[in-house]
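Source file start-v1.pdb; content: PDB, C-alpha atoms.
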ATOM      1  CA  MET A   1       0.000   0.000   0.000
ATOM      2  CA  ALA A   2       2.833   2.388   0.785
ATOM      3  CA  GLY A   3       4.244   1.740  -2.666
ATOM      4  CA  LEU A   4       1.008   2.966  -4.179
ATOM      5  CA  ALA A   5       1.692   6.423  -2.785
ATOM      6  CA  GLU A   6       5.043   6.694  -4.519
ATOM      7  CA  SER A   7       3.636   6.938  -8.011
ATOM      8  CA  GLY A   8       1.856  10.013  -9.287
ATOM      9  CA  SER A   9       0.355   8.190 -12.261
ATOM     10  CA  ASN A  10      -2.204   6.011 -10.532
ATOM     11  CA  PRO A  11      -5.922   6.781 -10.093
ATOM     12  CA  ASP A  12      -5.612   7.110  -6.318
ATOM     13  CA  VAL A  13      -3.064   9.925  -6.525
ATOM     14  CA  ASP A  14      -4.744  11.523  -9.534
ATOM     15  CA  LEU A  15      -8.064  11.681  -7.685
ATOM     16  CA  LEU A  16      -6.290  13.046  -4.621
ATOM     17  CA  PHE A  17      -4.901  15.967  -6.627
ATOM     18  CA  ASP A  18      -8.211  16.525  -8.428
ATOM     19  CA  ILE A  19     -10.179  16.817  -5.177
ATOM     20  CA  ASN A  20      -7.494  18.642  -3.222
ATOM     21  CA  GLY A  21      -7.060  21.005  -6.154
ATOM     22  CA  LEU A  22     -10.505  22.367  -5.347
ATOM     23  CA  ALA A  23      -9.053  23.708  -2.098
ATOM     24  CA  LYS A  24      -6.468  25.729  -4.014
ATOM     25  CA  ASP A  25      -9.137  27.420  -6.116
ATOM     26  CA  ALA A  26     -11.556  28.030  -3.229
ATOM     27  CA  PRO A  27     -11.612  31.199  -1.101
ATOM     28  CA  ARG A  28      -9.657  31.029   2.117
ATOM     29  CA  TRP A  29     -12.797  31.326   4.253
ATOM     30  CA  PHE A  30     -14.317  28.297   2.514
ATOM     31  CA  ASP A  31     -11.191  26.232   3.194
ATOM     32  CA  ARG A  32     -11.417  27.203   6.860
ATOM     33  CA  VAL A  33     -15.031  26.033   6.930
ATOM     34  CA  MET A  34     -14.071  22.733   5.297
ATOM     35  CA  GLU A  35     -11.238  22.337   7.795
ATOM     36  CA  TYR A  36     -13.534  22.584  10.809
ATOM     37  CA  VAL A  37     -16.341  20.620   9.173
ATOM     38  CA  GLY A  38     -14.019  17.787   8.136
ATOM     39  CA  GLU A  39     -12.097  17.672  11.400
ATOM     40  CA  TYR A  40     -14.905  18.106  13.938
ATOM     41  CA  GLY A  41     -18.232  19.230  12.498
ATOM     42  CA  LEU A  42     -19.438  16.151  10.651
ATOM     43  CA  VAL A  43     -18.552  13.726  13.439
ATOM     44  CA  LEU A  44     -20.425  15.975  15.875
ATOM     45  CA  ALA A  45     -23.358  16.077  13.450
ATOM     46  CA  MET A  46     -23.361  12.264  13.363
ATOM     47  CA  VAL A  47     -23.522  12.114  17.167
ATOM     48  CA  LEU A  48     -26.381  14.632  17.220
ATOM     49  CA  LEU A  49     -28.199  12.566  14.587
ATOM     50  CA  VAL A  50     -27.960   9.494  16.810
ATOM     51  CA  VAL A  51     -29.319  11.530  19.755
ATOM     52  CA  TRP A  52     -32.142  12.860  17.572
ATOM     53  CA  CYS A  53     -33.075   9.325  16.535
ATOM     54  CA  TRP A  54     -33.033   8.201  20.186
ATOM     55  CA  TRP A  55     -35.311  11.103  21.154
ATOM     56  CA  SER A  56     -37.700  10.173  18.352
ATOM     57  CA  VAL A  57     -37.774   6.523  19.430
ATOM     58  CA  ARG A  58     -38.284   7.518  23.072
ATOM     59  CA  ARG A  59     -41.179   9.865  22.290
ATOM     60  CA  ARG A  60     -43.017   7.303  20.172
ATOM     61  CA  GLY A  61     -42.699   4.643  22.851
ATOM     62  CA  ASP A  62     -43.273   1.678  20.521
ATOM     63  CA  GLU A  63     -43.276  -1.864  21.848
ATOM     64  CA  ASP A  64     -39.906  -2.483  20.203
ATOM     65  CA  ALA A  65     -38.380   0.671  21.727
ATOM     66  CA  ALA A  66     -35.892  -1.355  23.770
ATOM     67  CA  SER A  67     -34.450  -3.061  20.703
ATOM     68  CA  SER A  68     -34.387   0.252  18.823
ATOM     69  CA  VAL A  69     -32.456   1.936  21.635
ATOM     70  CA  ALA A  70     -30.144  -1.076  21.790
ATOM     71  CA  ALA A  71     -29.333  -0.557  18.113
ATOM     72  CA  LEU A  72     -28.655   3.131  18.766
ATOM     73  CA  VAL A  73     -26.320   2.267  21.631
ATOM     74  CA  TRP A  74     -24.518  -0.103  19.281
ATOM     75  CA  ALA A  75     -23.772   2.679  16.765
ATOM     76  CA  PRO A  76     -21.154   4.542  18.884
ATOM     77  CA  LEU A  77     -19.856   1.261  20.280
ATOM     78  CA  ALA A  78     -19.287   0.023  16.718
ATOM     79  CA  ALA A  79     -17.394   3.229  15.914
ATOM     80  CA  GLY A  80     -15.153   2.744  18.940
ATOM     81  CA  ILE A  81     -14.454  -0.907  18.127
ATOM     82  CA  ALA A  82     -13.705  -0.037  14.495
ATOM     83  CA  VAL A  83     -11.113   2.549  15.574
ATOM     84  CA  LEU A  84      -9.462  -0.031  17.840
ATOM     85  CA  VAL A  85      -9.354  -2.519  14.966
ATOM     86  CA  ASN A  86      -7.721   0.180  12.838
ATOM     87  CA  VAL A  87      -4.759   0.520  15.231
ATOM     88  CA  PRO A  88      -2.983  -2.688  14.128
ATOM     89  CA  ILE A  89      -4.027  -2.100  10.505
ATOM     90  CA  ARG A  90      -2.273   1.260  10.460
ATOM     91  CA  GLY A  91       0.812  -0.214  12.093
ATOM     92  CA  PHE A  92       0.950  -3.049   9.571
ATOM     93  CA  VAL A  93       0.420  -0.978   6.410
ATOM     94  CA  GLU A  94       2.498   2.035   7.518
ATOM     95  CA  ARG A  95       1.315   4.279   4.710
ATOM     96  CA  PRO A  96       2.616   7.861   5.062
ATOM     97  CA  ARG A  97       0.283  10.822   4.799
ATOM     98  CA  PRO A  98      -0.051  11.992   1.176
ATOM     99  CA  PHE A  99       1.624  15.356   1.807
ATOM    100  CA  ARG A 100       4.801  13.539   2.887
ATOM    101  CA  ASP A 101       5.237  11.901  -0.509
ATOM    102  CA  HIS A 102       3.687  14.481  -2.834
ATOM    103  CA  GLN A 103       4.558  18.129  -3.208
ATOM    104  CA  GLY A 104       2.000  20.747  -4.184
ATOM    105  CA  LEU A 105      -0.913  19.618  -2.011
ATOM    106  CA  GLU A 106      -3.010  22.204  -0.201
ATOM    107  CA  VAL A 107      -2.904  20.824   3.356
ATOM    108  CA  LEU A 108      -5.591  22.430   5.501
ATOM    109  CA  VAL A 109      -4.675  20.689   8.763
ATOM    110  CA  THR A 110      -1.093  20.533   9.988
ATOM    111  CA  GLY A 111       0.487  18.361  12.643
ATOM    112  CA  LYS A 112      -0.662  15.011  11.264
ATOM    113  CA  THR A 113       2.263  12.685  11.993
ATOM    114  CA  ASP A 114       0.535   9.298  12.150
ATOM    115  CA  TYR A 115      -0.055   6.912   9.262
ATOM    116  CA  SER A 116      -2.703   7.472   6.630
ATOM    117  CA  PHE A 117      -4.377   4.105   5.940
ATOM    118  CA  VAL A 118      -7.107   3.782   7.000
ATOM    119  CA  SER A 119      -8.825   7.071   7.861
ATOM    120  CA  ASP A 120     -10.103   7.158  11.447
ATOM    121  CA  HIS A 121     -12.608   9.901  10.611
ATOM    122  CA  ALA A 122     -14.056   7.927   7.700
ATOM    123  CA  THR A 123     -14.153   4.783   9.854
ATOM    124  CA  ILE A 124     -15.971   6.486  12.726
ATOM    125  CA  ALA A 125     -18.427   8.305  10.485
ATOM    126  CA  MET A 126     -19.407   5.240   8.462
ATOM    127  CA  ALA A 127     -19.665   2.999  11.539
ATOM    128  CA  LEU A 128     -22.037   5.539  13.091
ATOM    129  CA  GLY A 129     -24.001   5.850   9.857
ATOM    130  CA  VAL A 130     -24.372   2.117   9.299
ATOM    131  CA  GLY A 131     -25.079   1.512  12.992
ATOM    132  CA  LEU A 132     -27.802   4.151  12.775
ATOM    133  CA  PHE A 133     -29.154   2.435   9.649
ATOM    134  CA  VAL A 134     -29.485  -0.774  11.669
ATOM    135  CA  ALA A 135     -31.820   1.096  14.011
ATOM    136  CA  ASN A 136     -33.719   3.289  11.577
ATOM    137  CA  ARG A 137     -33.353   3.450   7.805
ATOM    138  CA  LYS A 138     -34.460   7.071   7.431
ATOM    139  CA  PHE A 139     -31.942   8.382   9.960
ATOM    140  CA  GLY A 140     -29.385   5.863   8.745
ATOM    141  CA  ILE A 141     -29.502   7.100   5.152
ATOM    142  CA  ALA A 142     -28.883  10.634   6.412
ATOM    143  CA  GLY A 143     -25.992   9.343   8.528
ATOM    144  CA  ILE A 144     -24.409   7.479   5.628
ATOM    145  CA  GLY A 145     -24.728  10.640   3.534
ATOM    146  CA  LEU A 146     -22.829  12.586   6.204
ATOM    147  CA  ALA A 147     -20.192   9.845   6.303
ATOM    148  CA  LEU A 148     -19.648  10.115   2.549
ATOM    149  CA  LEU A 149     -19.257  13.875   2.935
ATOM    150  CA  GLU A 150     -16.722  13.282   5.711
ATOM    151  CA  GLY A 151     -14.670  11.114   3.393
ATOM    152  CA  PHE A 152     -14.707  13.793   0.702
ATOM    153  CA  CYS A 153     -13.573  16.399   3.229
ATOM    154  CA  ARG A 154     -10.594  14.298   4.335
ATOM    155  CA  VAL A 155      -9.293  14.141   0.762
ATOM    156  CA  TYR A 156     -10.154  17.791   0.138
ATOM    157  CA  MET A 157      -8.089  18.717   3.208
ATOM    158  CA  GLY A 158      -5.056  16.878   1.794
ATOM    159  CA  VAL A 159      -4.626  14.528   4.754
ATOM    160  CA  HIS A 160      -5.809  11.251   3.177
ATOM    161  CA  TYR A 161      -5.746   9.396  -0.110
ATOM    162  CA  PRO A 162      -9.136   8.362  -1.540
ATOM    163  CA  THR A 163      -8.294   4.716  -0.802
ATOM    164  CA  ASP A 164      -7.690   5.636   2.844
ATOM    165  CA  VAL A 165     -11.255   6.861   2.958
ATOM    166  CA  VAL A 166     -12.654   3.849   1.096
ATOM    167  CA  GLY A 167     -10.794   1.581   3.504
ATOM    168  CA  GLY A 168     -12.325   3.467   6.427
ATOM    169  CA  PHE A 169     -15.792   3.095   4.944
ATOM    170  CA  ALA A 170     -15.254  -0.644   4.501
ATOM    171  CA  LEU A 171     -13.912  -1.108   8.028
ATOM    172  CA  GLY A 172     -16.686   0.890   9.673
ATOM    173  CA  THR A 173     -19.359  -0.939   7.672
ATOM    174  CA  ALA A 174     -17.897  -4.368   8.391
ATOM    175  CA  VAL A 175     -17.693  -3.832  12.136
ATOM    176  CA  ALA A 176     -21.170  -2.275  12.379
ATOM    177  CA  LEU A 177     -22.857  -5.023  10.347
ATOM    178  CA  LEU A 178     -20.912  -8.176  11.169
ATOM    179  CA  LEU A 179     -20.988  -7.649  14.934
ATOM    180  CA  SER A 180     -24.540  -6.286  14.967
ATOM    181  CA  PRO A 181     -26.288  -9.640  15.680
ATOM    182  CA  LEU A 182     -24.047 -10.320  18.676
ATOM    183  CA  ALA A 183     -24.346  -6.736  19.894
ATOM    184  CA  MET A 184     -28.143  -6.804  19.645
ATOM    185  CA  ALA A 185     -28.307 -10.142  21.435
ATOM    186  CA  LEU A 186     -26.351  -8.625  24.331
ATOM    187  CA  LEU A 187     -27.756  -5.095  24.383
ATOM    188  CA  THR A 188     -31.468  -5.751  23.854
ATOM    189  CA  PRO A 189     -31.962  -7.613  27.187
ATOM    190  CA  VAL A 190     -30.049  -4.839  28.945
ATOM    191  CA  MET A 191     -32.250  -2.140  27.404
ATOM    192  CA  SER A 192     -35.353  -4.212  28.251
ATOM    193  CA  ALA A 193     -34.226  -4.329  31.869
ATOM    194  CA  VAL A 194     -33.639  -0.567  31.825
ATOM    195  CA  GLU A 195     -37.120  -0.094  30.358
ATOM    196  CA  ARG A 196     -38.674  -1.973  33.283
ATOM    197  CA  SER A 197     -36.881   0.095  35.916
ATOM    198  CA  PRO A 198     -38.850   3.030  37.416
ATOM    199  CA  ARG A 199     -36.383   5.767  36.476
ATOM    200  CA  GLY A 200     -34.265   4.194  33.787
ATOM    201  CA  GLY A 201     -37.379   3.416  31.799
ATOM    202  CA  LEU A 202     -37.600   7.093  30.838
ATOM    203  CA  LEU A 203     -34.492   6.579  28.714
ATOM    204  CA  ILE A 204     -36.399   4.063  26.614
ATOM    205  CA  LYS A 205     -39.929   5.485  26.588
ATOM    206  CA  ALA A 206     -41.301   8.878  27.487
ATOM    207  CA  ARG A 207     -43.713   8.933  30.418
ATOM    208  CA  GLY A 208     -47.186   7.922  29.331
ATOM    209  CA  ARG A 209     -45.912   6.529  26.020
ATOM    210  CA  SER A 210     -46.144   2.859  26.951
ATOM    211  CA  ARG A 211     -48.542   0.495  25.285
ATOM    212  CA  ALA A 212     -51.859   2.107  24.376
ATOM    213  CA  GLY A 213     -54.340   1.741  27.230
ATOM    214  CA  GLY A 214     -51.727  -0.121  29.221
ATOM    215  CA  GLN A 215     -52.645  -3.387  27.475
ATOM    216  CA  GLU A 216     -49.991  -6.033  26.930
ATOM    217  CA  ALA A 217     -49.625  -7.642  23.534
ATOM    218  CA  VAL A 218     -51.431 -10.984  23.375
ATOM    219  CA  ILE A 219     -48.645 -12.579  21.341
ATOM    220  CA  PRO A 220     -45.149 -11.970  22.721
ATOM    221  CA  GLY A 221     -43.198  -9.795  20.324
ATOM    222  CA  ALA A 222     -46.278  -8.851  18.304
ATOM    223  CA  ARG A 223     -46.335  -5.244  17.078
ATOM    224  CA  LYS A 224     -49.350  -2.989  17.008
ATOM    225  CA  GLU A 225     -49.962  -0.662  14.097
ATOM    226  CA  SER A 226     -49.781   3.041  14.914
ATOM    227  CA  ALA A 227     -49.776   6.399  13.147
ATOM    228  CA  GLY A 228     -46.012   6.456  13.330
ATOM    229  CA  ALA A 229     -45.544   2.950  11.954
ATOM    230  CA  GLU A 230     -43.929   4.232   8.820
ATOM    231  CA  GLU A 231     -41.203   5.842  10.943
ATOM    232  CA  ARG A 232     -40.395   2.652  12.849
ATOM    233  CA  ASP A 233     -37.828   0.796  10.811
ATOM    234  CA  LEU A 234     -35.615  -1.442  12.900
ATOM    235  CA  ALA A 235     -33.315  -3.307  10.560
ATOM    236  CA  ALA A 236     -31.494  -5.235  13.259
TER     237      ALA A 236
END
Would you give me this structure, written as structure tokens?
Amino acid sequence: MAGLAESGSNPDVDLLFDINGLAKDAPRWFDRVMEYVGEYGLVLAMVLLVVWCWWSVRRRGDEDAASSVAALVWAPLAAGIAVLVNVPIRGFVERPRPFRDHQGLEVLVTGKTDYSFVSDHATIAMALGVGLFVANRKFGIAGIGLALLEGFCRVYMGVHYPTDVVGGFALGTAVALLLSPLAMALLTPVMSAVERSPRGGLLIKARGRSRAGGQEAVIPGARKESAGAEERDLAA
């Protein structure tokens, strides 16, 4: 992989210069915006999107709220696990940052001394997006869109090759999806126990949002139709 960075005639490097070249032609204020958005803003937006989805699930108070919240808890956990998995990958590949091997890049963030493959930001963003998709497709699609924008920003900023970003997307997706069944099997009973507790239950369902009329479902696990049924979309 490191050898790929040494040639300026491959698609990876060509695309790097094409995207990063936009930063050279853009106004300075726009580059500053992209710097903060790519470094902090989009990851923060992903976290806020997860919180928004949790608030929506809590307010609706569906019968499967515990499993939905479990999926939302899994999203940041998946991002953390994916970053840990990336530690040995980076050490094994040892790919330098693109600005170390290529002159003429517009580098918007200085002080990056670690290895380039794979991108932590792309990994975290996609793991959050896919983890959110496991819980709710509508919010998940928005999250994946933000993750794709994060990957573009990392190349635009001159701190990653496109393949660093693609590798991060693949790693985040793999961790979020492959470990999702195990995570849901462990987290759903925990969230169900929290739901039954007097105070902790408010984290799962808003007060007064339990089953309509306080009636239990006749068939365990059966779902009742509601006005917000189209919003409930647990993919786990």
Set up a box along x, y and z of the file covering all listed atoms of region 137-152 of chain A, add 5 Å on every one of the six sides, and write the centre and edge lengths in Å to one decimal, as AutoDock Vina command-line options.
--center_x -24.6 --center_y 8.7 --center_z 5.3 --size_x 29.8 --size_y 20.4 --size_z 19.3
Convert the output of the PyMOL selection byres ((chain A and resi 35) around 12) on the shown file into explicit residues, formatted as a PDB file with C-alpha atoms, in the coordinates of the input.
ATOM      1  CA  ALA A  23      -9.053  23.708  -2.098  1.00  0.00           C
ATOM      2  CA  ARG A  28      -9.657  31.029   2.117  1.00  0.00           C
ATOM      3  CA  TRP A  29     -12.797  31.326   4.253  1.00  0.00           C
ATOM      4  CA  PHE A  30     -14.317  28.297   2.514  1.00  0.00           C
ATOM      5  CA  ASP A  31     -11.191  26.232   3.194  1.00  0.00           C
ATOM      6  CA  ARG A  32     -11.417  27.203   6.860  1.00  0.00           C
ATOM      7  CA  VAL A  33     -15.031  26.033   6.930  1.00  0.00           C
ATOM      8  CA  MET A  34     -14.071  22.733   5.297  1.00  0.00           C
ATOM      9  CA  TYR A  36     -13.534  22.584  10.809  1.00  0.00           C
ATOM     10  CA  VAL A  37     -16.341  20.620   9.173  1.00  0.00           C
ATOM     11  CA  GLY A  38     -14.019  17.787   8.136  1.00  0.00           C
ATOM     12  CA  GLU A  39     -12.097  17.672  11.400  1.00  0.00           C
ATOM     13  CA  TYR A  40     -14.905  18.106  13.938  1.00  0.00           C
ATOM     14  CA  GLY A  41     -18.232  19.230  12.498  1.00  0.00           C
ATOM     15  CA  LEU A  42     -19.438  16.151  10.651  1.00  0.00           C
ATOM     16  CA  GLU A 106      -3.010  22.204  -0.201  1.00  0.00           C
ATOM     17  CA  VAL A 107      -2.904  20.824   3.356  1.00  0.00           C
ATOM     18  CA  LEU A 108      -5.591  22.430   5.501  1.00  0.00           C
ATOM     19  CA  VAL A 109      -4.675  20.689   8.763  1.00  0.00           C
ATOM     20  CA  THR A 110      -1.093  20.533   9.988  1.00  0.00           C
ATOM     21  CA  GLU A 150     -16.722  13.282   5.711  1.00  0.00           C
ATOM     22  CA  PHE A 152     -14.707  13.793   0.702  1.00  0.00           C
ATOM     23  CA  CYS A 153     -13.573  16.399   3.229  1.00  0.00           C
ATOM     24  CA  ARG A 154     -10.594  14.298   4.335  1.00  0.00           C
ATOM     25  CA  VAL A 155      -9.293  14.141   0.762  1.00  0.00           C
ATOM     26  CA  TYR A 156     -10.154  17.791   0.138  1.00  0.00           C
ATOM     27  CA  MET A 157      -8.089  18.717   3.208  1.00  0.00           C
ATOM     28  CA  GLY A 158      -5.056  16.878   1.794  1.00  0.00           C
ATOM     29  CA  VAL A 159      -4.626  14.528   4.754  1.00  0.00           C
TER      30      VAL A 159
END
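Between CA of Met184 (chain A) and CA of Ser68 (chain A) the interatomic distance comes to 9.5 Å.
Proximity of A:Pro162, A:Leu171, A:Asp25, A:Asp64 to Pro11 (chain A), computed with only C-alpha atoms, is greatest for A:Pro162.
Each of A:Val73, A:Ala206, A:Asp164, A:Arg59 was checked against Arg95 (chain A) using all atoms listed in the file; the smallest atom-to-atom distance is that of A:Asp164.
The shell of residues at most 12 Å from Gly111 (chain A), with all atoms listed in the file counted and near chain neighbours (fewer than 5 positions) removed, consists of Arg97, Phe99, Arg100 and Val159 of chain A.
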Selection file, C-alpha atoms, as an mmCIF file, in the coordinates of the input:
data_model
loop_
_atom_site.group_PDB
_atom_site.id
_atom_site.type_symbol
_atom_site.label_atom_id
_atom_site.label_comp_id
_atom_site.auth_asym_id
_atom_site.auth_seq_id
_atom_site.Cartn_x
_atom_site.Cartn_y
_atom_site.Cartn_z
ATOM 1 C CA ARG A 97 0.283 10.822 4.799
ATOM 2 C CA PHE A 99 1.624 15.356 1.807
ATOM 3 C CA ARG A 100 4.801 13.539 2.887
ATOM 4 C CA VAL A 159 -4.626 14.528 4.754
#
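The two atoms in question, CA of Val85 (chain A) and CA of Val43 (chain A), are spaced 18.7 Å apart.
If you apply the PyMOL selection byres ((chain A and resi 179-182) around 9) to this structure, you end up with A:Ala71, A:Trp74, A:Ala78, A:Gly131, A:Val134, A:Ala174, A:Val175, A:Ala176, A:Leu177, A:Leu178, A:Ala183, A:Met184, A:Ala185, A:Leu186, A:Leu187, A:Ala236.
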- Task: With the file shown as input, list the residues that the PyMOL selection byres ((chain A and resi 52) around 12) selects, as a PyMOL selection string.
- Result: chain A and resi 45-51+53-59+69+72+132+136+138-140+142-143
Residue selection dump (C-alpha atoms) as a PDB file, in the coordinates of the input:
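What landed in out-v6.pdb:
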ATOM      1  CA  ALA A  45     -23.358  16.077  13.450  1.00  0.00           C
ATOM      2  CA  MET A  46     -23.361  12.264  13.363  1.00  0.00           C
ATOM      3  CA  VAL A  47     -23.522  12.114  17.167  1.00  0.00           C
ATOM      4  CA  LEU A  48     -26.381  14.632  17.220  1.00  0.00           C
ATOM      5  CA  LEU A  49     -28.199  12.566  14.587  1.00  0.00           C
ATOM      6  CA  VAL A  50     -27.960   9.494  16.810  1.00  0.00           C
ATOM      7  CA  VAL A  51     -29.319  11.530  19.755  1.00  0.00           C
ATOM      8  CA  CYS A  53     -33.075   9.325  16.535  1.00  0.00           C
ATOM      9  CA  TRP A  54     -33.033   8.201  20.186  1.00  0.00           C
ATOM     10  CA  TRP A  55     -35.311  11.103  21.154  1.00  0.00           C
ATOM     11  CA  SER A  56     -37.700  10.173  18.352  1.00  0.00           C
ATOM     12  CA  VAL A  57     -37.774   6.523  19.430  1.00  0.00           C
ATOM     13  CA  ARG A  58     -38.284   7.518  23.072  1.00  0.00           C
ATOM     14  CA  ARG A  59     -41.179   9.865  22.290  1.00  0.00           C
ATOM     15  CA  VAL A  69     -32.456   1.936  21.635  1.00  0.00           C
ATOM     16  CA  LEU A  72     -28.655   3.131  18.766  1.00  0.00           C
ATOM     17  CA  LEU A 132     -27.802   4.151  12.775  1.00  0.00           C
ATOM     18  CA  ASN A 136     -33.719   3.289  11.577  1.00  0.00           C
ATOM     19  CA  LYS A 138     -34.460   7.071   7.431  1.00  0.00           C
ATOM     20  CA  PHE A 139     -31.942   8.382   9.960  1.00  0.00           C
ATOM     21  CA  GLY A 140     -29.385   5.863   8.745  1.00  0.00           C
ATOM     22  CA  ALA A 142     -28.883  10.634   6.412  1.00  0.00           C
ATOM     23  CA  GLY A 143     -25.992   9.343   8.528  1.00  0.00           C
TER      24      GLY A 143
END
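Computed from the coordinates, the CA of Ser116 (chain A) to CA of Ile141 (chain A) distance equals 26.8 Å.
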- Query: Between A:Ile204, A:Leu146, A:Leu44, A:Ile89, which has the minimum distance to Thr188 (chain A) (counting only C-alpha atoms)?
  - Reply: A:Ile204
- Contacts of Asn86 (chain A) at 9 Å (all atoms listed in the file; same-chain gap of 6+ positions) as a VMD selection string: chain A and resid 117 to 120 123 168 171
Extract, using only C-alpha atoms, all DNA, RNA and protein residues at most 9 Å from Pro98 (chain A), discarding same-chain residues fewer than 5 positions from it, and format them as a short mmCIF file (atom, residue, chain, number, x, y, z; two decimals) with C-alpha atoms, in the frame of the given file.
data_model
loop_
_atom_site.label_atom_id
_atom_site.label_comp_id
_atom_site.auth_asym_id
_atom_site.auth_seq_id
_atom_site.Cartn_x
_atom_site.Cartn_y
_atom_site.Cartn_z
CA ALA A 5 1.69 6.42 -2.78
CA VAL A 13 -3.06 9.93 -6.52
CA LEU A 16 -6.29 13.05 -4.62
CA GLN A 103 4.56 18.13 -3.21
CA LEU A 105 -0.91 19.62 -2.01
CA SER A 116 -2.70 7.47 6.63
CA GLY A 158 -5.06 16.88 1.79
CA VAL A 159 -4.63 14.53 4.75
CA HIS A 160 -5.81 11.25 3.18
CA TYR A 161 -5.75 9.40 -0.11
#
Output region 151-162 of chain A as a PDB file, in the coordinates of the input, making sure N, CA, C and O atoms are there.
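Written output follows (part-v5.pdb):
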ATOM      1  N   GLY A 151     -15.753  11.672   4.192  1.00  0.00           N
ATOM      2  CA  GLY A 151     -14.670  11.114   3.393  1.00  0.00           C
ATOM      3  C   GLY A 151     -14.175  12.089   2.341  1.00  0.00           C
ATOM      4  O   GLY A 151     -12.958  12.221   2.124  1.00  0.00           O
ATOM      5  N   PHE A 152     -15.100  12.785   1.685  1.00  0.00           N
ATOM      6  CA  PHE A 152     -14.707  13.793   0.702  1.00  0.00           C
ATOM      7  C   PHE A 152     -13.872  14.886   1.356  1.00  0.00           C
ATOM      8  O   PHE A 152     -12.856  15.326   0.802  1.00  0.00           O
ATOM      9  N   CYS A 153     -14.293  15.329   2.530  1.00  0.00           N
ATOM     10  CA  CYS A 153     -13.573  16.399   3.229  1.00  0.00           C
ATOM     11  C   CYS A 153     -12.148  15.986   3.574  1.00  0.00           C
ATOM     12  O   CYS A 153     -11.217  16.807   3.478  1.00  0.00           O
ATOM     13  N   ARG A 154     -11.944  14.738   3.950  1.00  0.00           N
ATOM     14  CA  ARG A 154     -10.594  14.298   4.335  1.00  0.00           C
ATOM     15  C   ARG A 154      -9.631  14.355   3.152  1.00  0.00           C
ATOM     16  O   ARG A 154      -8.457  14.688   3.312  1.00  0.00           O
ATOM     17  N   VAL A 155     -10.137  14.042   1.957  1.00  0.00           N
ATOM     18  CA  VAL A 155      -9.293  14.141   0.762  1.00  0.00           C
ATOM     19  C   VAL A 155      -9.123  15.601   0.370  1.00  0.00           C
ATOM     20  O   VAL A 155      -8.034  16.042   0.003  1.00  0.00           O
ATOM     21  N   TYR A 156     -10.194  16.367   0.450  1.00  0.00           N
ATOM     22  CA  TYR A 156     -10.154  17.791   0.138  1.00  0.00           C
ATOM     23  C   TYR A 156      -9.110  18.498   1.001  1.00  0.00           C
ATOM     24  O   TYR A 156      -8.394  19.393   0.532  1.00  0.00           O
ATOM     25  N   MET A 157      -9.006  18.091   2.269  1.00  0.00           N
ATOM     26  CA  MET A 157      -8.089  18.717   3.208  1.00  0.00           C
ATOM     27  C   MET A 157      -6.634  18.306   2.971  1.00  0.00           C
ATOM     28  O   MET A 157      -5.722  18.861   3.582  1.00  0.00           O
ATOM     29  N   GLY A 158      -6.412  17.303   2.121  1.00  0.00           N
ATOM     30  CA  GLY A 158      -5.056  16.878   1.794  1.00  0.00           C
ATOM     31  C   GLY A 158      -4.407  15.974   2.816  1.00  0.00           C
ATOM     32  O   GLY A 158      -3.183  15.809   2.805  1.00  0.00           O
ATOM     33  N   VAL A 159      -5.208  15.359   3.695  1.00  0.00           N
ATOM     34  CA  VAL A 159      -4.626  14.528   4.754  1.00  0.00           C
ATOM     35  C   VAL A 159      -4.826  13.032   4.517  1.00  0.00           C
ATOM     36  O   VAL A 159      -4.312  12.210   5.286  1.00  0.00           O
ATOM     37  N   HIS A 160      -5.579  12.666   3.466  1.00  0.00           N
ATOM     38  CA  HIS A 160      -5.809  11.251   3.177  1.00  0.00           C
ATOM     39  C   HIS A 160      -5.912  11.029   1.674  1.00  0.00           C
ATOM     40  O   HIS A 160      -6.381  11.905   0.929  1.00  0.00           O
ATOM     41  N   TYR A 161      -5.471   9.864   1.246  1.00  0.00           N
ATOM     42  CA  TYR A 161      -5.746   9.396  -0.110  1.00  0.00           C
ATOM     43  C   TYR A 161      -7.197   8.922  -0.194  1.00  0.00           C
ATOM     44  O   TYR A 161      -7.793   8.535   0.826  1.00  0.00           O
ATOM     45  N   PRO A 162      -7.787   8.915  -1.390  1.00  0.00           N
ATOM     46  CA  PRO A 162      -9.136   8.362  -1.540  1.00  0.00           C
ATOM     47  C   PRO A 162      -9.254   6.924  -1.040  1.00  0.00           C
ATOM     48  O   PRO A 162     -10.267   6.548  -0.455  1.00  0.00           O
TER      49      PRO A 162
END
